[in-house]
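Here's entry.csv, which has CSV, C-alpha atoms:
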chain,number,residue,atom,x,y,z
A,1,MET,CA,-146.2,-35.3,-97.5
A,2,ALA,CA,-144.5,-31.9,-97.7
A,3,LYS,CA,-141.2,-33.6,-98.7
A,4,GLU,CA,-143.0,-35.6,-101.4
A,5,LYS,CA,-144.6,-32.4,-102.8
A,6,GLU,CA,-141.2,-30.6,-102.8
A,7,ILE,CA,-139.7,-33.5,-104.9
A,8,ILE,CA,-142.5,-33.4,-107.4
A,9,GLU,CA,-142.2,-29.6,-107.8
A,10,GLU,CA,-138.4,-30.0,-108.4
A,11,LYS,CA,-139.0,-32.3,-111.4
A,12,GLY,CA,-140.1,-31.2,-114.9
A,13,SER,CA,-141.2,-33.3,-117.7
A,14,SER,CA,-139.6,-34.5,-120.9
A,15,SER,CA,-140.4,-37.0,-123.6
A,16,GLU,CA,-137.9,-39.3,-121.8
A,17,GLY,CA,-139.4,-39.1,-118.3
A,18,SER,CA,-138.7,-36.6,-115.6
A,19,TYR,CA,-135.7,-34.3,-115.5
A,20,GLU,CA,-134.7,-33.0,-112.0
A,21,LEU,CA,-133.9,-29.4,-111.2
A,22,ARG,CA,-130.2,-29.4,-110.1
A,23,THR,CA,-129.7,-25.6,-109.6
A,24,HIS,CA,-131.3,-22.8,-107.6
A,25,LYS,CA,-133.2,-25.3,-105.5
A,26,LYS,CA,-133.9,-22.9,-102.7
A,27,ILE,CA,-135.2,-20.0,-104.9
A,28,ASN,CA,-138.6,-18.6,-103.9
A,29,GLN,CA,-140.8,-19.7,-106.8
A,30,VAL,CA,-143.5,-17.3,-105.8
A,31,LEU,CA,-141.2,-14.3,-106.4
A,32,SER,CA,-139.0,-15.8,-109.2
A,33,GLY,CA,-141.4,-18.1,-111.0
A,34,LYS,CA,-142.3,-21.8,-110.9
A,35,ILE,CA,-140.9,-24.3,-113.3
A,36,VAL,CA,-143.6,-25.9,-115.5
A,37,GLU,CA,-141.4,-27.7,-118.0
A,38,LEU,CA,-137.8,-28.8,-117.8
A,39,ARG,CA,-135.5,-30.7,-120.1
A,40,ASP,CA,-131.9,-30.7,-121.3
A,41,GLY,CA,-131.2,-27.1,-122.5
A,42,TYR,CA,-134.7,-25.9,-122.0
A,43,ALA,CA,-136.9,-24.5,-119.2
A,44,LYS,CA,-140.4,-23.0,-119.1
A,45,VAL,CA,-141.2,-20.9,-116.0
A,46,SER,CA,-144.5,-19.3,-115.0
A,47,LEU,CA,-144.6,-16.2,-112.9
A,48,VAL,CA,-147.9,-15.0,-111.5
A,49,ALA,CA,-147.7,-11.3,-110.5
A,50,THR,CA,-148.8,-10.7,-106.9
A,51,GLU,CA,-149.7,-7.6,-105.1
A,52,GLU,CA,-146.3,-7.7,-103.3
A,53,MET,CA,-144.6,-7.1,-106.7
A,54,ALA,CA,-146.5,-3.9,-107.4
A,55,ALA,CA,-144.4,-0.8,-107.8
A,56,ASP,CA,-147.4,1.6,-107.8
A,57,GLU,CA,-151.1,2.0,-107.0
A,58,MET,CA,-152.1,0.9,-110.5
A,59,GLY,CA,-150.5,-2.5,-110.1
A,60,LEU,CA,-147.4,-2.1,-112.3
A,61,VAL,CA,-145.0,-4.9,-111.5
A,62,HIS,CA,-141.4,-3.9,-110.8
A,63,GLY,CA,-139.1,-5.1,-113.6
A,64,GLY,CA,-136.8,-6.8,-111.1
A,65,PHE,CA,-139.3,-9.6,-110.7
A,66,THR,CA,-139.5,-10.0,-114.5
A,67,PHE,CA,-135.7,-10.1,-114.7
A,68,SER,CA,-135.5,-12.6,-111.8
A,69,ALA,CA,-137.9,-15.0,-113.5
A,70,ALA,CA,-136.0,-14.7,-116.7
A,71,ASP,CA,-132.7,-15.4,-114.9
A,72,PHE,CA,-134.2,-18.4,-113.1
A,73,ALA,CA,-135.4,-19.8,-116.4
A,74,ALA,CA,-132.0,-19.3,-117.9
A,75,MET,CA,-130.3,-21.0,-114.9
A,76,ALA,CA,-132.8,-23.9,-115.1
A,77,ALA,CA,-132.2,-24.4,-118.8
A,78,VAL,CA,-128.5,-24.9,-118.1
A,79,ASN,CA,-129.4,-26.9,-115.0
A,80,HIS,CA,-126.0,-27.3,-113.4
A,81,PRO,CA,-125.4,-26.8,-109.7
A,82,ASN,CA,-122.5,-24.5,-110.3
A,83,VAL,CA,-123.9,-22.3,-113.0
A,84,VAL,CA,-123.5,-18.5,-112.6
A,85,LEU,CA,-124.7,-15.5,-114.6
A,86,VAL,CA,-121.9,-13.4,-116.0
A,87,GLY,CA,-123.9,-11.1,-118.2
A,88,ALA,CA,-127.2,-10.3,-119.7
A,89,LYS,CA,-128.6,-8.2,-122.5
A,90,THR,CA,-132.3,-7.7,-122.0
A,91,ARG,CA,-135.3,-5.7,-123.4
A,92,PHE,CA,-138.5,-5.0,-121.5
A,93,LEU,CA,-141.1,-4.8,-124.3
A,94,ALA,CA,-144.4,-4.4,-122.4
A,95,PRO,CA,-145.3,-3.9,-118.7
A,96,MET,CA,-146.6,-6.6,-116.4
A,97,LYS,CA,-149.4,-5.9,-113.9
A,98,VAL,CA,-150.7,-7.6,-110.8
A,99,GLY,CA,-152.6,-10.7,-111.7
A,100,ASP,CA,-150.8,-11.3,-115.0
A,101,GLU,CA,-149.2,-14.7,-115.6
A,102,ALA,CA,-146.0,-14.5,-117.7
A,103,ILE,CA,-144.6,-17.6,-119.3
A,104,PHE,CA,-140.8,-17.5,-119.7
A,105,GLU,CA,-139.1,-19.9,-122.2
A,106,ALA,CA,-135.4,-20.4,-122.0
A,107,LYS,CA,-133.2,-22.2,-124.5
A,108,ALA,CA,-129.5,-22.9,-124.1
A,109,SER,CA,-127.6,-22.6,-127.4
A,110,HIS,CA,-125.2,-25.3,-126.4
A,111,THR,CA,-125.0,-27.6,-123.4
A,112,THR,CA,-121.5,-29.2,-123.5
A,113,THR,CA,-119.1,-26.3,-122.8
A,114,LYS,CA,-118.5,-24.2,-119.7
A,115,LYS,CA,-119.8,-21.1,-121.3
A,116,ARG,CA,-123.4,-21.3,-122.2
A,117,ASP,CA,-125.6,-18.7,-123.8
A,118,VAL,CA,-129.3,-18.8,-123.1
A,119,SER,CA,-132.1,-17.0,-125.0
A,120,VAL,CA,-135.2,-16.1,-122.9
A,121,THR,CA,-138.5,-14.7,-123.9
A,122,ALA,CA,-141.6,-14.0,-121.8
A,123,VAL,CA,-145.2,-13.7,-123.0
A,124,VAL,CA,-148.4,-12.5,-121.2
A,125,ASN,CA,-151.7,-13.2,-123.0
A,126,GLY,CA,-149.9,-13.8,-126.3
A,127,ILE,CA,-147.9,-10.5,-126.1
A,128,LYS,CA,-144.1,-10.7,-125.8
A,129,ILE,CA,-143.2,-8.6,-122.8
A,130,PHE,CA,-139.5,-9.5,-122.4
A,131,GLU,CA,-136.5,-10.9,-124.4
A,132,GLY,CA,-133.0,-11.4,-123.3
A,133,GLU,CA,-129.7,-13.1,-123.9
A,134,PHE,CA,-128.1,-14.5,-120.8
A,135,ALA,CA,-124.4,-15.4,-120.6
A,136,THR,CA,-123.6,-18.1,-118.1
A,137,VAL,CA,-120.6,-20.1,-117.0
A,138,VAL,CA,-120.5,-23.5,-115.4
A,139,LEU,CA,-117.8,-23.5,-112.7
A,140,ASP,CA,-115.9,-26.5,-111.4
A,141,ARG,CA,-117.2,-25.7,-107.9
A,142,HIS,CA,-119.7,-23.4,-106.2
A,143,VAL,CA,-118.8,-19.7,-106.7
A,144,LEU,CA,-118.8,-19.1,-102.9
A,145,LYS,CA,-116.2,-21.9,-102.5
A,146,MET,CA,-113.8,-20.4,-104.9
A,147,SER,CA,-110.8,-18.4,-103.7
A,148,ILE,CA,-110.1,-15.1,-105.3
A,149,THR,CA,-106.4,-14.3,-105.4
Show the structure stored in the file as structure tokens.
Amino acid sequence: MAKEKEIIEEKGSSSEGSYELRTHKKINQVLSGKIVELRDGYAKVSLVATEEMAADEMGLVHGGFTFSAADFAAMAAVNHPNVVLVGAKTRFLAPMKVGDEAIFEAKASHTTTKKRDVSVTAVVNGIKIFEGEFATVVLDRHVLKMSIT
């Protein structure tokens, strides 16, 4: 049953059936967000802020968790096993607090070249809290299997 649940969680929906997550399969979706929709060039990720993400006694969530969810959404939008982040330009527009649910939407500007730019926005209760442009590259093989000479 656990394996069946895992497979269901790795698949998103599209108008043409299910679209399987092909990258970042081992990411902790509690800390980096859970995919709620996935299709070619697009991903939607939900991040529910937990007490473990708090940076202070008032429940302010550390921006690293926001960035991680945005990065995960960008990687999922590209959805290639060998995608890597090479740069990002981001803006944190409003804070997140414990208990908030942020919805991240990622849209890849093109899906056929090795270099792929992805726009990501996040909203909490109708308020945009984050926006960013993520530069990614799809490599021929896993980044850790490449030799640097």
Q.
Give me the residues near Phe92 in chain A as an MDAnalysis selection string, where near means some atom within 8 Å (using all atoms listed in the file) and where sequence neighbours in that chain fewer than 3 positions away do not count.
A. chainID A and resid 63 95 129:131
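In terms of minimum interatomic distance to Asp140 in chain A, A:Val84 ranks closest within A:Ile35, A:Ala94, A:Ala102, A:Val84, counting all atoms listed in the file.
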(Q) I want to know what sits within 8 Å of Asp40 in chain A, based on all atoms listed in the file, with residues of the same chain fewer than 3 positions away left out; could you give that as number ranges by chain? (A) A: 19, 77-79, 111
Residues just named, written with C-alpha atoms as an mmCIF file, in the frame of the given file:
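Written output follows (again-v1.cif):
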data_model
loop_
_atom_site.group_PDB
_atom_site.id
_atom_site.type_symbol
_atom_site.label_atom_id
_atom_site.label_comp_id
_atom_site.auth_asym_id
_atom_site.auth_seq_id
_atom_site.Cartn_x
_atom_site.Cartn_y
_atom_site.Cartn_z
ATOM 1 C CA TYR A 19 -135.700 -34.300 -115.500
ATOM 2 C CA ALA A 77 -132.200 -24.400 -118.800
ATOM 3 C CA VAL A 78 -128.500 -24.900 -118.100
ATOM 4 C CA ASN A 79 -129.400 -26.900 -115.000
ATOM 5 C CA THR A 111 -125.000 -27.600 -123.400
#
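You can rank A:Asp100, A:Asp117, A:Asp56, A:Asp71 by their closest distance to Gly41 in chain A using only C-alpha atoms, and at the top of that list sits A:Asp117.
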Q. Counting all atoms listed in the file, which of A:Val120, A:Ile127, A:Ala54, A:Ala73 gets nearest to Lys89 in chain A?
A. A:Val120
Q | Point-to-point distance from CA of Ser119 in chain A to CA of Gly64 in chain A, Å rounded to tenths | A |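 Those two atoms sit 17.9 Å apart.
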**Q.** Separation of CA of His24 in chain A from CA of Pro81 in chain A, in Å and rounded to one decimal
**A.**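 Atom-to-atom, CA of His24 in chain A and CA of Pro81 in chain A are spaced 7.4 Å apart.
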Q) In Å to one decimal, how far is CA of Gly33 in chain A from CA of Ser109 in chain A? A)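 Computing it gives 21.9 Å between the two atoms.
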Q) Counting all atoms listed in the file, what is within 10 Å of Met75 in chain A, bar same-chain residues fewer than 5 positions away, as a count of residues only? A) 22
